[in-house]
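Dumped structure.txt below, it's compact mmCIF, C-alpha atoms:
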```txt
# COMPACT_ATOMS: atom_id res chain seq x y z
CA MET A 1 51.83 79.48 111.83
CA LYS A 2 55.01 80.13 113.81
CA LYS A 3 56.02 76.51 113.32
CA ALA A 4 55.52 76.80 109.57
CA LEU A 5 57.61 79.98 109.41
CA ARG A 6 60.36 78.27 111.39
CA ILE A 7 60.42 75.34 108.98
CA ILE A 8 60.54 77.73 105.99
CA SER A 9 63.44 79.67 107.58
CA ILE A 10 65.38 76.46 108.20
CA LEU A 11 64.80 75.34 104.60
CA MET A 12 65.98 78.72 103.24
CA VAL A 13 69.17 78.56 105.31
CA ALA A 14 69.79 75.01 104.08
CA ILE A 15 69.29 76.07 100.43
CA VAL A 16 71.72 78.98 100.80
CA PHE A 17 74.28 76.71 102.50
CA ILE A 18 74.02 74.10 99.73
CA SER A 19 74.28 76.79 97.02
CA ILE A 20 77.44 78.29 98.53
CA ASN A 21 79.09 74.90 98.86
CA SER A 22 78.09 73.96 95.32
CA LEU A 23 79.68 77.13 93.97
CA ALA A 24 82.84 76.50 95.95
CA LEU A 25 83.00 72.91 94.74
CA ALA A 26 82.45 73.99 91.14
CA LYS A 27 85.24 76.53 91.49
CA ASP A 28 87.60 73.91 92.92
CA ASN A 29 86.80 71.55 90.06
CA GLN A 30 87.50 74.13 87.37
CA PRO A 31 90.68 73.51 85.36
CA THR A 32 93.67 75.73 86.22
CA ARG A 33 93.83 78.79 83.98
CA ASN A 34 96.55 78.51 81.38
CA ASP A 35 97.48 81.59 79.37
CA ILE A 36 100.32 79.98 77.39
CA PRO A 37 98.46 79.77 74.02
CA TYR A 38 97.44 83.43 74.37
CA ILE A 39 100.97 84.52 75.33
CA LEU A 40 102.58 82.69 72.42
CA ASN A 41 100.16 84.32 69.98
CA SER A 42 100.47 87.80 71.50
CA SER A 43 102.27 90.53 69.58
CA LYS A 44 102.93 92.31 72.91
CA ILE A 45 105.28 89.58 74.19
CA SER A 46 108.88 89.53 72.90
CA GLU A 47 110.27 86.51 71.07
CA ASP A 48 112.95 86.07 73.77
CA THR A 49 110.24 85.76 76.42
CA LYS A 50 108.28 83.34 74.24
CA ASP A 51 111.40 81.20 73.77
CA TRP A 52 111.95 81.18 77.54
CA LEU A 53 108.30 80.23 78.12
CA ARG A 54 108.49 77.31 75.66
CA TRP A 55 111.58 76.03 77.49
CA PHE A 56 109.98 76.58 80.91
CA ASP A 57 106.76 74.82 79.86
CA SER A 58 108.80 71.82 78.68
CA LEU A 59 110.00 71.23 82.26
CA PRO A 60 108.08 68.93 84.63
CA SER A 61 106.35 70.76 87.50
CA GLU A 62 108.95 69.49 89.99
CA GLU A 63 111.72 71.09 87.92
CA GLN A 64 109.87 74.36 87.36
CA GLN A 65 110.08 75.07 91.09
CA TYR A 66 113.90 75.24 90.83
CA VAL A 67 113.81 78.14 88.37
CA ASN A 68 114.35 81.60 89.91
CA TYR A 69 113.86 83.83 86.84
CA ARG A 70 110.43 85.08 85.79
CA PRO A 71 110.31 87.48 82.79
CA SER A 72 108.54 90.70 83.75
CA GLU A 73 106.47 90.48 80.55
CA LEU A 74 104.72 87.44 82.04
CA ASP A 75 103.56 89.21 85.20
CA GLY A 76 99.84 88.63 85.68
CA TYR A 77 99.70 85.59 83.38
CA SER A 78 99.21 82.00 84.48
CA TYR A 79 101.80 79.70 82.91
CA GLU A 80 103.26 77.58 85.74
CA LYS A 81 102.19 73.99 86.31
CA ASN A 82 100.34 73.55 89.63
CA ASN A 83 100.35 77.32 90.10
CA LYS A 84 99.30 78.05 93.70
CA TYR A 85 100.95 81.35 94.55
CA PHE A 86 99.28 84.49 95.88
CA ASN A 87 99.72 88.10 94.80
CA PRO A 88 100.27 90.30 97.90
CA LEU A 89 103.82 91.50 98.59
CA ASP A 90 104.78 90.79 102.20
CA LEU A 91 108.40 91.68 102.83
CA HIS A 92 109.79 90.27 106.04
CA PHE A 93 113.40 90.66 107.11
CA ILE A 94 115.22 88.09 109.18
CA PHE A 95 116.35 89.88 112.31
CA PRO A 96 119.08 88.60 114.66
CA ASP A 97 116.71 86.95 117.13
CA GLU A 98 115.32 84.79 114.30
CA ALA A 99 118.66 84.21 112.57
CA ASP A 100 120.25 82.94 115.78
CA ILE A 101 118.51 79.57 115.37
CA PHE A 102 121.29 77.26 114.21
CA THR A 103 121.36 73.57 113.42
CA SER A 104 123.58 71.62 115.77
CA GLY A 105 125.97 69.36 113.94
CA SER A 106 126.35 71.72 111.00
CA ILE A 107 129.76 72.18 109.39
CA THR A 108 132.14 74.13 111.63
CA THR A 109 135.54 73.17 110.19
CA PHE A 110 137.48 76.22 109.00
CA GLY A 111 140.26 76.59 106.47
CA VAL A 112 139.97 73.61 104.11
CA ASN A 113 137.07 71.63 102.72
CA PRO A 114 137.78 67.93 103.50
CA GLN A 115 136.03 67.00 100.25
CA ASP A 116 138.36 69.27 98.25
CA PRO A 117 141.67 70.05 100.04
CA GLY A 118 142.60 72.66 97.43
CA ASN A 119 139.37 74.60 97.93
CA LYS A 120 139.97 77.09 100.76
CA ILE A 121 137.37 79.05 102.70
CA LEU A 122 137.15 82.65 101.52
CA PRO A 123 137.87 85.49 104.02
CA LEU A 124 135.15 86.31 106.57
CA SER A 125 134.19 89.61 108.19
CA GLY A 126 132.56 88.13 111.30
CA TYR A 127 129.24 89.73 110.30
CA GLU A 128 128.01 86.84 108.16
CA LEU A 129 124.57 85.33 108.81
CA LYS A 130 124.13 81.92 110.37
CA TYR A 131 122.80 79.04 108.32
CA ASN A 132 119.16 78.78 109.39
CA PRO A 133 117.27 76.00 107.56
CA GLN A 134 114.53 75.74 110.20
CA TYR A 135 113.31 79.25 109.48
CA TRP A 136 113.71 79.41 105.71
CA ASN A 137 112.28 75.98 105.01
CA SER A 138 109.05 76.97 106.74
CA TYR A 139 108.64 79.78 104.18
CA LYS A 140 109.90 78.03 101.05
CA ASP A 141 107.39 79.63 98.69
CA ARG A 142 108.08 83.18 99.90
CA ALA A 143 111.71 83.35 98.83
CA ASN A 144 113.97 82.42 95.95
CA CYS A 145 117.75 82.61 95.61
CA TYR A 146 117.72 86.42 95.31
CA THR A 147 115.62 87.22 98.37
CA TYR A 148 117.51 84.56 100.33
CA ALA A 149 120.84 86.15 99.38
CA LEU A 150 119.55 89.55 100.55
CA ASN A 151 117.93 87.97 103.64
CA TYR A 152 114.26 88.86 103.29
CA LEU A 153 110.94 87.21 102.52
CA ALA A 154 108.77 88.44 99.65
CA GLY A 155 105.27 87.38 98.62
CA LYS A 156 104.29 83.92 97.41
CA ASN A 157 104.00 85.14 93.82
CA PRO A 158 107.41 84.52 92.15
CA ALA A 159 107.07 87.92 90.46
CA THR A 160 107.55 89.61 93.86
CA GLN A 161 110.85 87.76 94.35
CA GLN A 162 112.56 89.21 91.27
CA PRO A 163 115.41 91.77 91.36
CA GLY A 164 113.94 95.23 90.88
CA TYR A 165 110.44 94.39 92.14
CA ALA A 166 110.88 96.31 95.41
CA SER A 167 111.92 99.45 93.52
CA GLY A 168 109.21 99.06 90.90
CA ARG A 169 111.80 98.66 88.12
CA LYS A 170 112.43 94.99 87.44
CA PHE A 171 115.20 93.86 85.13
CA THR A 172 114.22 93.23 81.52
CA SER A 173 116.78 90.60 80.52
CA CYS A 174 118.38 87.65 82.25
CA THR A 175 121.93 89.02 82.16
CA GLY A 176 124.31 89.57 85.05
CA LYS A 177 124.48 93.31 84.37
CA ALA A 178 120.70 93.79 84.26
CA ILE A 179 120.13 91.70 87.38
CA LEU A 180 122.84 93.49 89.35
CA GLU A 181 121.53 96.93 88.38
CA ALA A 182 118.00 95.90 89.43
CA ALA A 183 119.31 94.57 92.75
CA LYS A 184 121.08 97.88 93.42
CA ARG A 185 117.83 99.74 92.70
CA ASP A 186 116.11 97.62 95.36
CA VAL A 187 118.53 98.51 98.15
CA PRO A 188 116.90 101.83 99.18
CA TYR A 189 113.54 100.05 99.45
CA LEU A 190 114.71 97.16 101.64
CA SER A 191 115.09 98.25 105.25
CA GLY A 192 117.25 95.25 106.11
CA VAL A 193 119.76 95.97 103.33
CA LYS A 194 122.10 98.96 103.57
CA GLY A 195 124.28 98.44 100.51
CA LEU A 196 125.48 96.26 97.63
CA ARG A 197 128.94 96.60 96.09
CA SER A 198 131.28 94.58 93.90
CA ALA A 199 133.94 92.37 95.48
CA SER A 200 136.82 90.14 94.46
CA GLU A 201 137.06 86.47 95.35
CA ASN A 202 139.59 86.81 98.16
CA GLN A 203 138.53 90.26 99.38
CA LYS A 204 137.47 90.41 103.03
CA PRO A 205 134.01 91.92 103.67
CA GLY A 206 133.84 95.10 105.74
CA LYS A 207 131.86 95.88 108.87
CA ASN A 208 128.28 94.52 108.73
CA GLU A 209 128.96 92.93 105.34
CA TYR A 210 128.82 89.41 103.94
CA LYS A 211 129.66 88.00 100.53
CA VAL A 212 127.27 86.75 97.83
CA ALA A 213 127.83 85.45 94.30
CA LEU A 214 125.78 85.66 91.09
CA VAL A 215 125.74 83.07 88.29
CA ILE A 216 123.74 82.72 85.05
CA ALA A 217 122.39 79.59 83.33
CA THR A 218 122.37 79.37 79.53
CA GLU A 219 121.17 76.90 76.93
CA ILE A 220 122.51 77.11 73.38
CA GLY A 221 123.63 80.67 74.06
CA LYS A 222 120.27 81.81 75.45
CA LYS A 223 120.01 82.85 79.10
CA LYS A 224 117.45 80.80 81.04
CA ASP A 225 117.94 81.59 84.71
CA TYR A 226 120.04 83.40 87.32
CA HIS A 227 121.14 82.17 90.72
CA TRP A 228 122.61 83.70 93.90
CA TYR A 229 124.69 82.13 96.68
CA ARG A 230 125.58 83.61 100.07
CA GLN A 231 128.45 82.88 102.46
CA ASP A 232 127.45 81.78 105.96
CA SER A 233 129.05 82.57 109.31
CA ASP A 234 131.21 79.43 109.27
CA GLY A 235 132.61 80.17 105.81
CA TYR A 236 130.55 77.68 103.82
CA TRP A 237 128.00 78.80 101.23
CA SER A 238 124.25 78.17 101.08
CA HIS A 239 121.61 78.85 98.43
CA LYS A 240 117.93 78.43 97.63
CA ARG A 241 116.82 77.15 94.25
CA GLY A 242 113.46 78.74 93.45
CA SER A 243 110.76 77.68 95.90
CA THR A 244 112.70 74.68 97.21
CA ALA A 245 114.48 74.25 100.56
CA ILE A 246 117.80 75.95 101.24
CA THR A 247 120.91 73.81 100.93
CA ARG A 248 124.69 73.93 101.28
CA THR A 249 125.49 71.44 98.54
CA ASP A 250 126.17 71.79 94.81
CA ALA A 251 124.95 69.72 91.84
CA SER A 252 127.32 66.90 92.88
CA GLY A 253 126.00 66.84 96.44
CA LYS A 254 129.23 68.35 97.81
CA GLN A 255 129.29 71.11 100.42
CA ILE A 256 130.04 74.48 98.85
CA ILE A 257 133.16 76.27 99.99
CA ASN A 258 133.52 78.42 96.88
CA PRO A 259 130.62 78.82 94.42
CA ARG A 260 132.99 79.58 91.54
CA LYS A 261 134.54 76.11 91.93
CA ALA A 262 131.29 74.30 92.76
CA ASN A 263 129.40 72.06 90.31
CA ARG A 264 126.57 74.27 89.06
CA ASN A 265 125.28 71.97 86.28
CA TYR A 266 121.83 70.64 87.29
CA GLY A 267 120.98 69.23 83.87
CA SER A 268 117.97 71.31 82.82
CA LEU A 269 119.76 74.29 84.38
CA ASN A 270 123.50 74.72 83.93
CA TYR A 271 124.77 77.89 85.63
CA ASN A 272 127.84 77.99 83.43
CA ILE A 273 128.47 81.76 83.68
CA PHE A 274 130.06 82.96 86.91
CA TYR A 275 129.23 86.68 86.94
CA GLY A 276 130.98 87.70 90.16
CA TYR A 277 131.16 88.27 93.91
CA PHE A 278 129.48 91.09 95.81
CA PHE A 279 129.16 92.42 99.34
CA ILE A 280 125.78 92.91 101.00
CA LYS A 281 125.72 95.38 103.89
CA HIS A 282 123.10 94.84 106.58
```
Target format structure tokens, applied to this file:
Amino acid sequence: MKKALRIISILMVAIVFISINSLALAKDNQPTRNDIPYILNSSKISEDTKDWLRWFDSLPSEEQQYVNYRPSELDGYSYEKNNKYFNPLDLHFIFPDEADIFTSGSITTFGVNPQDPGNKILPLSGYELKYNPQYWNSYKDRANCYTYALNYLAGKNPATQQPGYASGRKFTSCTGKAILEAAKRDVPYLSGVKGLRSASENQKPGKNEYKVALVIATEIGKKKDYHWYRQDSDGYWSHKRGSTAITRTDASGKQIINPRKANRNYGSLNYNIFYGYFFIKH
């Protein structure tokens, strides 16, 4: 009798195990949810957002990862190819002990860019952050150009990486003014950021400040994306395009010494509007 009960128990455990694995396998084999048809037929979504979505959906998946902008109207919808992000917000600031990691052999020449003798390094405060690819490239999907410029990690969901998300008031249009206002609203909610103010190209940052720049990409007059750059401790500029690795080169593969003069035309994204320079206090 005991032997029979033991056999029955073993069989029940085996059945449960097989059922759980079958459900998991079925879930993995399900097609990725795609809300695009619903979004495009929804009266609750603006025509500007629908136009942006049509353009975004026309991009191959490898190009979609370069796009920083996500319209707030699309929060909660699934519309990205190979969408694998998660929802929780997990802000993480890069403190000095982490930022001190620095790649040996990186650019250290000051004053003039050898690739462009007329392109001079902009004034430094001495409080700029070091270029730290080892750290950032291990968290590529938790930051975009905006969070990189402000030096913090957000969640894996691109919606959490948008200007205004931290304050609960995201920007509603992809314009320099709207993005800047949203970024300023975030400042009180980001413990690693103490301030954000406008700057001129040749203005020297103050104590605990470094310089960033904001540009906008358009296509036939319609704004498609925004992008931020930040100046590193050696005077050169780095940036992070969407969920890709950080880099110090422009669209021509040249090291960036001044984002206003850099090549910002990446084909599907041409950041043809230079909105301005700003100081971030940390």
Of the candidates A:Gln65, A:Ser42, A:Asn119, A:Ser125, which shows the shortest atom-to-atom distance to Lys261 of chain A, using all atoms listed in the file?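 Of the candidates, the smallest distance to Lys261 of chain A is held by A:Asn119.
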Pick from A:Lys130, A:Arg248, A:Lys254, A:Arg185: nearest to Tyr210 of chain A, with all atoms listed in the file counted? A:Lys130
Would you mind listing what lies within 7 Å of segment 137-140 of chain A as a PDB file with C-alpha atoms, keeping the file's coordinate frame, with only C-alpha atoms counted and same-chain residues fewer than 3 positions away left out?
```pdb
ATOM      1  CA  PRO A 133     117.270  76.000 107.560  1.00  0.00           C
ATOM      2  CA  GLN A 134     114.530  75.740 110.200  1.00  0.00           C
ATOM      3  CA  ALA A 143     111.710  83.350  98.830  1.00  0.00           C
ATOM      4  CA  SER A 243     110.760  77.680  95.900  1.00  0.00           C
ATOM      5  CA  THR A 244     112.700  74.680  97.210  1.00  0.00           C
ATOM      6  CA  ALA A 245     114.480  74.250 100.560  1.00  0.00           C
ATOM      7  CA  ILE A 246     117.800  75.950 101.240  1.00  0.00           C
TER       8      ILE A 246
END
```
Fewer than 6 positions away in the same chain doesn't count, so skip those; otherwise give me all residues within 10 Å of segment 162-178 of chain A, counting all atoms listed in the file, as number ranges by chain. A: 48-49, 68-73, 89, 91, 143-147, 154, 184-190, 214-218, 222-227, 273-276
I'd like the neighbourhood of segment 51-61 of chain A as a PyMOL selection string, where a residue qualifies if any of its atoms comes within 9 Å (using only C-alpha atoms), though same-chain residues fewer than 4 positions away should be ignored. chain A and resi 36+39-40+46-47+65+67+71+74+79-82+222-224+268
One decimal, Å: what's the distance from atom CA of Lys240 of chain A over to atom CA of Lys281 of chain A, could you say? 19.7 Å
Pick the closest to Asn272 of chain A from A:Gly253, A:Gly221, A:Gly235, A:Tyr148: which is it, counting all atoms listed in the file?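 Using all atoms listed in the file, the shortest distance to Asn272 of chain A belongs to A:Gly221.
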Is there a way to get, as an mmCIF file with C-alpha atoms, in the coordinates of the input, all residues within 10 Å of the point (137.3, 86.4, 97.6) in file coordinates, counting all atoms listed in the file?
```
data_model
loop_
_atom_site.group_PDB
_atom_site.id
_atom_site.type_symbol
_atom_site.label_atom_id
_atom_site.label_comp_id
_atom_site.auth_asym_id
_atom_site.auth_seq_id
_atom_site.Cartn_x
_atom_site.Cartn_y
_atom_site.Cartn_z
ATOM 1 C CA ILE A 121 137.370 79.050 102.700
ATOM 2 C CA LEU A 122 137.150 82.650 101.520
ATOM 3 C CA PRO A 123 137.870 85.490 104.020
ATOM 4 C CA LEU A 124 135.150 86.310 106.570
ATOM 5 C CA ALA A 199 133.940 92.370 95.480
ATOM 6 C CA SER A 200 136.820 90.140 94.460
ATOM 7 C CA GLU A 201 137.060 86.470 95.350
ATOM 8 C CA ASN A 202 139.590 86.810 98.160
ATOM 9 C CA GLN A 203 138.530 90.260 99.380
ATOM 10 C CA LYS A 204 137.470 90.410 103.030
ATOM 11 C CA PRO A 205 134.010 91.920 103.670
ATOM 12 C CA LYS A 211 129.660 88.000 100.530
ATOM 13 C CA ASN A 258 133.520 78.420 96.880
ATOM 14 C CA GLY A 276 130.980 87.700 90.160
ATOM 15 C CA TYR A 277 131.160 88.270 93.910
ATOM 16 C CA PHE A 278 129.480 91.090 95.810
#
```
Interatomic distance, atom CA of Lys207 of chain A to atom CA of Val193 of chain A (Å, one decimal): 13.3 Å
What does the distance between atom CA of Glu128 of chain A and atom CA of Lys156 of chain A come to in Å, to one decimal place?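 So the two atoms, atom CA of Glu128 of chain A and atom CA of Lys156 of chain A, lie 26.2 Å apart.
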Which is closer to Asn270 of chain A than all the others in A:Tyr66, A:Val212, A:Gly192, A:Arg33, using all atoms listed in the file?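 Among A:Tyr66, A:Val212, A:Gly192, A:Arg33, it is A:Tyr66 that comes nearest to Asn270 of chain A.
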Taking all atoms listed in the file into account, which of A:Asp75, A:Glu209, A:Glu181, A:Asp234 comes nearest Asn157 of chain A?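 Among A:Asp75, A:Glu209, A:Glu181, A:Asp234, it is A:Asp75 that comes nearest to Asn157 of chain A.
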Rebuild segment 66-83 of chain A to N, CA and C atoms - output it as a PDB file, in the frame of the given file, please.
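Saved result, selection_23.pdb, follows:
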```pdb
ATOM      1  N   TYR A  66     112.497  74.903  90.627  1.00  0.00           N
ATOM      2  CA  TYR A  66     113.900  75.240  90.830  1.00  0.00           C
ATOM      3  C   TYR A  66     114.315  76.531  90.109  1.00  0.00           C
ATOM      4  N   VAL A  67     113.463  76.983  89.196  1.00  0.00           N
ATOM      5  CA  VAL A  67     113.810  78.140  88.370  1.00  0.00           C
ATOM      6  C   VAL A  67     113.520  79.437  89.133  1.00  0.00           C
ATOM      7  N   ASN A  68     114.508  80.333  89.199  1.00  0.00           N
ATOM      8  CA  ASN A  68     114.350  81.600  89.910  1.00  0.00           C
ATOM      9  C   ASN A  68     113.776  82.702  89.017  1.00  0.00           C
ATOM     10  N   TYR A  69     114.193  82.738  87.768  1.00  0.00           N
ATOM     11  CA  TYR A  69     113.860  83.830  86.840  1.00  0.00           C
ATOM     12  C   TYR A  69     112.407  83.770  86.379  1.00  0.00           C
ATOM     13  N   ARG A  70     111.758  84.920  86.380  1.00  0.00           N
ATOM     14  CA  ARG A  70     110.430  85.080  85.790  1.00  0.00           C
ATOM     15  C   ARG A  70     110.444  86.368  84.954  1.00  0.00           C
ATOM     16  N   PRO A  71     110.317  86.274  83.622  1.00  0.00           N
ATOM     17  CA  PRO A  71     110.310  87.480  82.790  1.00  0.00           C
ATOM     18  C   PRO A  71     109.204  88.446  83.208  1.00  0.00           C
ATOM     19  N   SER A  72     109.528  89.715  83.298  1.00  0.00           N
ATOM     20  CA  SER A  72     108.540  90.700  83.750  1.00  0.00           C
ATOM     21  C   SER A  72     107.356  90.797  82.787  1.00  0.00           C
ATOM     22  N   GLU A  73     107.570  90.439  81.524  1.00  0.00           N
ATOM     23  CA  GLU A  73     106.470  90.480  80.550  1.00  0.00           C
ATOM     24  C   GLU A  73     105.365  89.475  80.889  1.00  0.00           C
ATOM     25  N   LEU A  74     105.697  88.475  81.713  1.00  0.00           N
ATOM     26  CA  LEU A  74     104.720  87.440  82.040  1.00  0.00           C
ATOM     27  C   LEU A  74     103.990  87.712  83.354  1.00  0.00           C
ATOM     28  N   ASP A  75     104.262  88.861  83.971  1.00  0.00           N
ATOM     29  CA  ASP A  75     103.560  89.210  85.200  1.00  0.00           C
ATOM     30  C   ASP A  75     102.050  89.273  84.946  1.00  0.00           C
ATOM     31  N   GLY A  76     101.297  88.614  85.808  1.00  0.00           N
ATOM     32  CA  GLY A  76      99.840  88.630  85.680  1.00  0.00           C
ATOM     33  C   GLY A  76      99.279  87.483  84.870  1.00  0.00           C
ATOM     34  N   TYR A  77     100.149  86.752  84.155  1.00  0.00           N
ATOM     35  CA  TYR A  77      99.700  85.590  83.380  1.00  0.00           C
ATOM     36  C   TYR A  77      99.864  84.309  84.205  1.00  0.00           C
ATOM     37  N   SER A  78      99.102  83.309  83.841  1.00  0.00           N
ATOM     38  CA  SER A  78      99.210  82.000  84.480  1.00  0.00           C
ATOM     39  C   SER A  78      99.878  81.037  83.490  1.00  0.00           C
ATOM     40  N   TYR A  79     101.073  80.578  83.836  1.00  0.00           N
ATOM     41  CA  TYR A  79     101.800  79.700  82.910  1.00  0.00           C
ATOM     42  C   TYR A  79     102.575  78.603  83.635  1.00  0.00           C
ATOM     43  N   GLU A  80     102.534  78.603  84.971  1.00  0.00           N
ATOM     44  CA  GLU A  80     103.260  77.580  85.740  1.00  0.00           C
ATOM     45  C   GLU A  80     102.368  76.374  85.996  1.00  0.00           C
ATOM     46  N   LYS A  81     102.934  75.198  85.989  1.00  0.00           N
ATOM     47  CA  LYS A  81     102.190  73.990  86.310  1.00  0.00           C
ATOM     48  C   LYS A  81     101.940  73.942  87.817  1.00  0.00           C
ATOM     49  N   ASN A  82     100.714  73.578  88.213  1.00  0.00           N
ATOM     50  CA  ASN A  82     100.340  73.550  89.630  1.00  0.00           C
ATOM     51  C   ASN A  82     100.587  74.901  90.285  1.00  0.00           C
ATOM     52  N   ASN A  83     100.129  75.960  89.620  1.00  0.00           N
ATOM     53  CA  ASN A  83     100.350  77.320  90.100  1.00  0.00           C
ATOM     54  C   ASN A  83      99.458  77.606  91.305  1.00  0.00           C
TER      55      ASN A  83
END
```
